[in-house]
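Down below is the structure, laid out as structure tokens.
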Amino acid sequence: MTKPVSPPTTAATPAGPLSAFDRYWMAPAPAARLAALRVLVGAFSVVYLVARGNVLANFSRMDPQRFEPVGLAAVLSAPLPAALVWALYALCLVAGLGFTLGYRYRISGPLFALLFAWVTSYRNSWGMIFHTDNLTLVHLVCLGLAPTAADAYARDHRGDDGRAEARHGWPIRLLCAVTVVVYVLAGIAKLRNSGMDWAEGEILRNYIAYDGMRKAALGSLHSPLGAWLVQYAWPFPIIGALTLVVELGAPVAMFGPRLGRFWVLGIWGFHLGVLLTMAIAFPYPLCGIAFAPFLPAERIFGWRWPAPLWRLLATESPSS
């Protein structure tokens, strides 16, 4: 008598919170979308390095006693020879071009992120720390460690089938996530330093007044709008509360394309307000590239430049 054979069983598809998270995090995206972000972030970074070359590579007028290494430069005990500083800066530019063009990207991608971190860390080791570089650097690291960012719009690419795949989607999701984290941390820092008093507006009003007076006394560029606005108390509770809302509320950008676009407009308006009231420019967010991961960035290369902003905001984003 033969023993009956049980029918083969098939593994059940995982269900539950973990699988839902996997579907969310690994949502497919076209190769062109991720590659467009690589081109945009890389091009911005190279232009930034060139525009600030005299600040990032020339320390001949700096007092060596001011050198207090931070970041990657913390491994140093004394300033580097000037020739070596310039050489590392030049190598960073070359790697940046390779990054942007997608040339030998498995090398140029992580190398550019590393060298950008070095160049900016070394500059920050001479007194003032520039926080304007932080988000750019984080995006470069995310893109540099994603080889699939060179699957389109790349010098070495051998054709793109145009299919949306998860391997192109998760790096975009990561870029969105780290952007959100950066702004949430900024909001938490405000609460830690001043508590909910920040939302009452007086701290912000005093800060804008102090910033304008100090710059005017030093003969530096200052904001006439900020100097005029601090005469009135009523706008600042509104501005202070909205600042906390857009920073601490940044995670809503991860819950759908419409919320993402709404948050992008809000946080970009925040940076525009900082520029108008304190003459402080954060170039990366102000030009919009910092928020490109929340938008279908590849469409920029399909339109005649300049691409209308409303068309970007009206189409599906990678947050869907």
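Simple scheme: letters A, B, ... for chains in structure tokens order, numbers from 1 for residues in each chain, numbers from 1 for ligands in the order shown.
Using only C-alpha atoms, the protein and nucleic acid residues lying no more than 12 Å from A:His131, apart from those fewer than 3 places from it along its own chain, are Thr120, Ser121, Arg123, Asn124, Met128, Asn134, Leu135, Thr136, Leu137, Val138, Val182, Ala186, Ile280, Ala281, Phe282, Pro283 and Tyr284 of chain A.
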Could you save those same residues with N, CA and C atoms as a tab-separated table (two decimals), in the first residue's frame?
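Result file is part.tsv:
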chain	number	residue	atom	x	y	z
A	120	THR	N	34.74	70.31	2.46
A	120	THR	CA	33.89	71.15	3.30
A	120	THR	C	34.27	71.01	4.78
A	121	SER	N	34.69	69.82	5.21
A	121	SER	CA	35.14	69.65	6.60
A	121	SER	C	36.39	70.47	6.87
A	123	ARG	N	37.31	73.21	5.35
A	123	ARG	CA	36.93	74.62	5.42
A	123	ARG	C	36.29	74.94	6.77
A	124	ASN	N	35.45	74.05	7.26
A	124	ASN	CA	34.78	74.29	8.53
A	124	ASN	C	35.72	74.22	9.72
A	128	MET	N	34.37	79.30	11.54
A	128	MET	CA	32.92	79.22	11.37
A	128	MET	C	32.52	77.93	10.66
A	134	ASN	N	25.45	70.83	4.54
A	134	ASN	CA	25.11	69.52	5.12
A	134	ASN	C	24.17	68.70	4.25
A	135	LEU	N	23.06	69.30	3.81
A	135	LEU	CA	22.09	68.54	3.04
A	135	LEU	C	22.66	68.13	1.69
A	136	THR	N	23.44	69.02	1.08
A	136	THR	CA	24.10	68.66	-0.18
A	136	THR	C	24.98	67.44	0.00
A	137	LEU	N	25.76	67.43	1.07
A	137	LEU	CA	26.66	66.31	1.33
A	137	LEU	C	25.88	65.02	1.55
A	138	VAL	N	24.81	65.07	2.33
A	138	VAL	CA	24.02	63.87	2.59
A	138	VAL	C	23.44	63.31	1.29
A	182	VAL	N	16.55	65.93	8.15
A	182	VAL	CA	17.32	67.15	8.35
A	182	VAL	C	16.43	68.28	8.86
A	186	ALA	N	16.16	70.23	12.58
A	186	ALA	CA	16.21	71.69	12.71
A	186	ALA	C	15.08	72.19	13.60
A	280	ILE	N	20.19	85.89	4.31
A	280	ILE	CA	20.94	84.64	4.46
A	280	ILE	C	20.42	83.68	3.41
A	281	ALA	N	21.31	83.25	2.51
A	281	ALA	CA	20.92	82.38	1.40
A	281	ALA	C	21.41	80.95	1.64
A	282	PHE	N	20.50	80.01	1.50
A	282	PHE	CA	20.84	78.60	1.46
A	282	PHE	C	20.68	78.17	0.00
A	283	PRO	N	21.75	78.20	-0.78
A	283	PRO	CA	21.62	78.03	-2.23
A	283	PRO	C	20.97	76.72	-2.65
A	284	TYR	N	21.32	75.63	-1.99
A	284	TYR	CA	20.81	74.32	-2.39
A	284	TYR	C	19.29	74.23	-2.28
Within stretch 73-315 of chain A, find each residue whose DSSP state, derived from the backbone, is alpha helix (DSSP H), and express the selection as a ChimeraX atom specification.
/A:82-101,105-124,134-144,166-194,197-200,202-217,224-229,235-248,257-278,283-286,309-314
For stretch 204-208 of chain A, list every protein, DNA or RNA residue within 8 Å, evaluated using only C-alpha atoms, and leave out those in the same chain fewer than 5 positions away; present the list as a list in words.
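Using only C-alpha atoms, the neighbours found are Trp198, Gly226, Ala227, Val230, Ala233, Phe236, Gly240, Thr277 and Met278 of chain A.
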Atom CA of A:Leu111 to atom CA of A:His139, distance in Å rounded to a single decimal:
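So the answer is 13.7 Å.
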Per residue of stretch 78-187 of chain A within 7 Å of stretch 30-52 of chain A, which atom pair is closest and at what distance in Å (one decimal), using only C-alpha atoms, listed by chain and increasing number, as a Markdown table?
| residue | atom | partner | partner_atom | distance |
| --- | --- | --- | --- | --- |
| A:Leu93 | CA | A:Val46 | CA | 6.3 |
| A:Gly96 | CA | A:Val46 | CA | 5.9 |
| A:Phe99 | CA | A:Gly42 | CA | 6.2 |
| A:Thr100 | CA | A:Gly42 | CA | 4.6 |
| A:Leu101 | CA | A:Val39 | CA | 6.9 |
| A:Leu143 | CA | A:Arg38 | CA | 6.5 |
| A:Ala149 | CA | A:Ala35 | CA | 4.9 |
| A:Ala150 | CA | A:Ala35 | CA | 5.8 |
| A:Asp151 | CA | A:Ala31 | CA | 5.9 |
| A:Ala152 | CA | A:Ala32 | CA | 5.4 |
| A:Tyr153 | CA | A:Ala35 | CA | 6.1 |
| A:Gly162 | CA | A:Pro30 | CA | 6.2 |
| A:Arg163 | CA | A:Pro30 | CA | 5.8 |
| A:Ala164 | CA | A:Pro30 | CA | 4.0 |
| A:Glu165 | CA | A:Pro30 | CA | 6.3 |
| A:His168 | CA | A:Ala31 | CA | 5.6 |
| A:Ile172 | CA | A:Leu34 | CA | 6.4 |
Residue selection dump (C-alpha atoms) as a short mmCIF file (atom, residue, chain, number, x, y, z; two decimals), in the first residue's frame:
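Done, and the output landed in result-v1.cif:
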data_model
loop_
_atom_site.label_atom_id
_atom_site.label_comp_id
_atom_site.auth_asym_id
_atom_site.auth_seq_id
_atom_site.Cartn_x
_atom_site.Cartn_y
_atom_site.Cartn_z
CA LEU A 93 36.28 68.80 -8.96
CA GLY A 96 32.46 65.78 -9.38
CA PHE A 99 29.76 61.94 -10.82
CA THR A 100 27.61 64.33 -12.84
CA LEU A 101 28.33 62.66 -16.17
CA LEU A 143 23.58 59.00 -4.62
CA ALA A 149 22.03 56.29 -10.34
CA ALA A 150 24.14 55.92 -13.51
CA ASP A 151 21.69 53.64 -15.33
CA ALA A 152 20.60 56.59 -17.49
CA TYR A 153 22.01 59.95 -18.59
CA GLY A 162 12.85 52.65 -19.51
CA ARG A 163 11.15 50.24 -17.11
CA ALA A 164 10.38 51.37 -13.58
CA GLU A 165 12.23 49.18 -11.11
CA HIS A 168 15.85 52.91 -8.95
CA ILE A 172 14.93 58.25 -4.32
#
Leaving out A:Phe67 and any residue of its chain fewer than 4 positions from it, which residues lie within 7 Å of it when counting only C-alpha atoms, given as a VMD selection string?
chain A and resid 79 125 to 126
Write the residues of the preceding selection, restricted to C-alpha atoms, as a tab-separated table (two decimals), in the first residue's frame.
chain	number	residue	atom	x	y	z
A	79	PRO	CA	46.93	72.36	8.71
A	125	SER	CA	37.92	73.65	10.57
A	126	TRP	CA	38.95	77.31	10.32
Take atom CA of A:Leu242 and atom CA of A:Gly266 and report the distance between them in Å, one decimal.
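It comes out at 8.9 Å.
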So that I can check the surroundings of A:Cys176, please list as a PyMOL selection string every protein, DNA and RNA residue that reaches within 8 Å of it, counting only C-alpha atoms and ignoring chain neighbours fewer than 3 positions away.
chain A and resi 172-173+179-180+254+291+293-294
Residues near A:Lys215, anyone? I mean within 12 Å using only C-alpha atoms, not counting same-chain ones fewer than 3 positions away, as a list in words.
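In the requested form, the answer reads Ile208, Ala209, Tyr210, Asp211, Gly212, Leu218, Gly219, Ser220, Leu221, His222, Ser223, Pro224, Gly226, Ala227, Met278, Ala279 and Ile280 of chain A.
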Atom CA of A:Gly260 to atom CA of A:Ala20: how many Å, to one decimal?
19.6 Å
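Ranking A:Phe255, A:Tyr103, A:Phe59, A:Tyr24 by their shortest atom-to-atom distance to A:Trp86, with only C-alpha atoms included, puts A:Phe59 first.
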